[in-house]
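**Student:** One structure is given below, represented as structure tokens, and several questions about it will come after.
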Amino acid sequence: MSDSQKSQRQKKKIVQEGLRALKNKPGWDVSNFQSKDPMEELHRLDQQVRSKKTYDQSGVCPDCAALRDESGDDTALCDDHLAAAMGF
């Protein structure tokens with residue numbers, strides 16, 4: 001049956017079923033939507049940039065390399081880089 005042959009009731013039912021399916025997906029329920037605080041988002045982005053920069057710098061840091069060798073943890077950071085990554 002083509003779209004032009006469907007009744008308004010059938011079309012409405014199809015739309016409602018689609019909306020129900022979307023609302024059941026995590027994050028798609030518009031009635032529960034909360035916009036993010038712009039300042040919170042800026043802090044989050046700043047932290048991401050700081051973390052990336054810190055991990056990039058730690059790749060050439062001899063203290064970080066020594067700590068990684070000792071611990072066997074590929075993500076270990078020396079005290080200076082750990083403090084920088086945490087925002088201190």
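Ordering of the structure tokens sets the chain letters (A, B, ...), residue numbers begin anew at 1 in every chain, and ligands are numbered from 1 in the order given.
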Per DSSP on the backbone, filter chain A down to the residues in helix (DSSP H, G or I) and report them as a PyMOL selection string.

**Tutor:** chain A and resi 3-5+8-23+30-32+38-58+62-71+79-86

**Student:** For Gly59 in chain A, list every protein, DNA or RNA residue within 12 Å, evaluated using only C-alpha atoms, and leave out those in the same chain fewer than 3 positions away; present the list as number ranges by chain.

**Tutor:** A: 52-56, 62-68, 74-78, 81

**Student:** Write the selection just made, keeping C-alpha atoms, as a PDB file, in the first residue's frame?

**Tutor:**
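Contents of result28.pdb, freshly written:
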```pdb
ATOM      1  CA  LYS A  52      46.171  15.746  25.536  1.00  0.00           C
ATOM      2  CA  LYS A  53      48.980  18.290  25.824  1.00  0.00           C
ATOM      3  CA  THR A  54      50.222  16.701  29.046  1.00  0.00           C
ATOM      4  CA  TYR A  55      50.240  13.171  27.626  1.00  0.00           C
ATOM      5  CA  ASP A  56      51.998  14.420  24.487  1.00  0.00           C
ATOM      6  CA  PRO A  62      62.552  10.833  31.133  1.00  0.00           C
ATOM      7  CA  ASP A  63      60.839  10.761  34.560  1.00  0.00           C
ATOM      8  CA  CYS A  64      57.581   9.532  33.018  1.00  0.00           C
ATOM      9  CA  ALA A  65      59.466   6.924  30.977  1.00  0.00           C
ATOM     10  CA  ALA A  66      61.276   5.646  34.080  1.00  0.00           C
ATOM     11  CA  LEU A  67      58.019   5.454  36.036  1.00  0.00           C
ATOM     12  CA  ARG A  68      56.346   3.567  33.182  1.00  0.00           C
ATOM     13  CA  ASP A  74      51.839   2.657  29.885  1.00  0.00           C
ATOM     14  CA  THR A  75      49.795   5.586  31.211  1.00  0.00           C
ATOM     15  CA  ALA A  76      51.887   6.395  34.294  1.00  0.00           C
ATOM     16  CA  LEU A  77      52.907  10.035  34.707  1.00  0.00           C
ATOM     17  CA  CYS A  78      55.581  11.687  36.812  1.00  0.00           C
ATOM     18  CA  HIS A  81      52.783  15.780  34.538  1.00  0.00           C
TER      19      HIS A  81
END
```
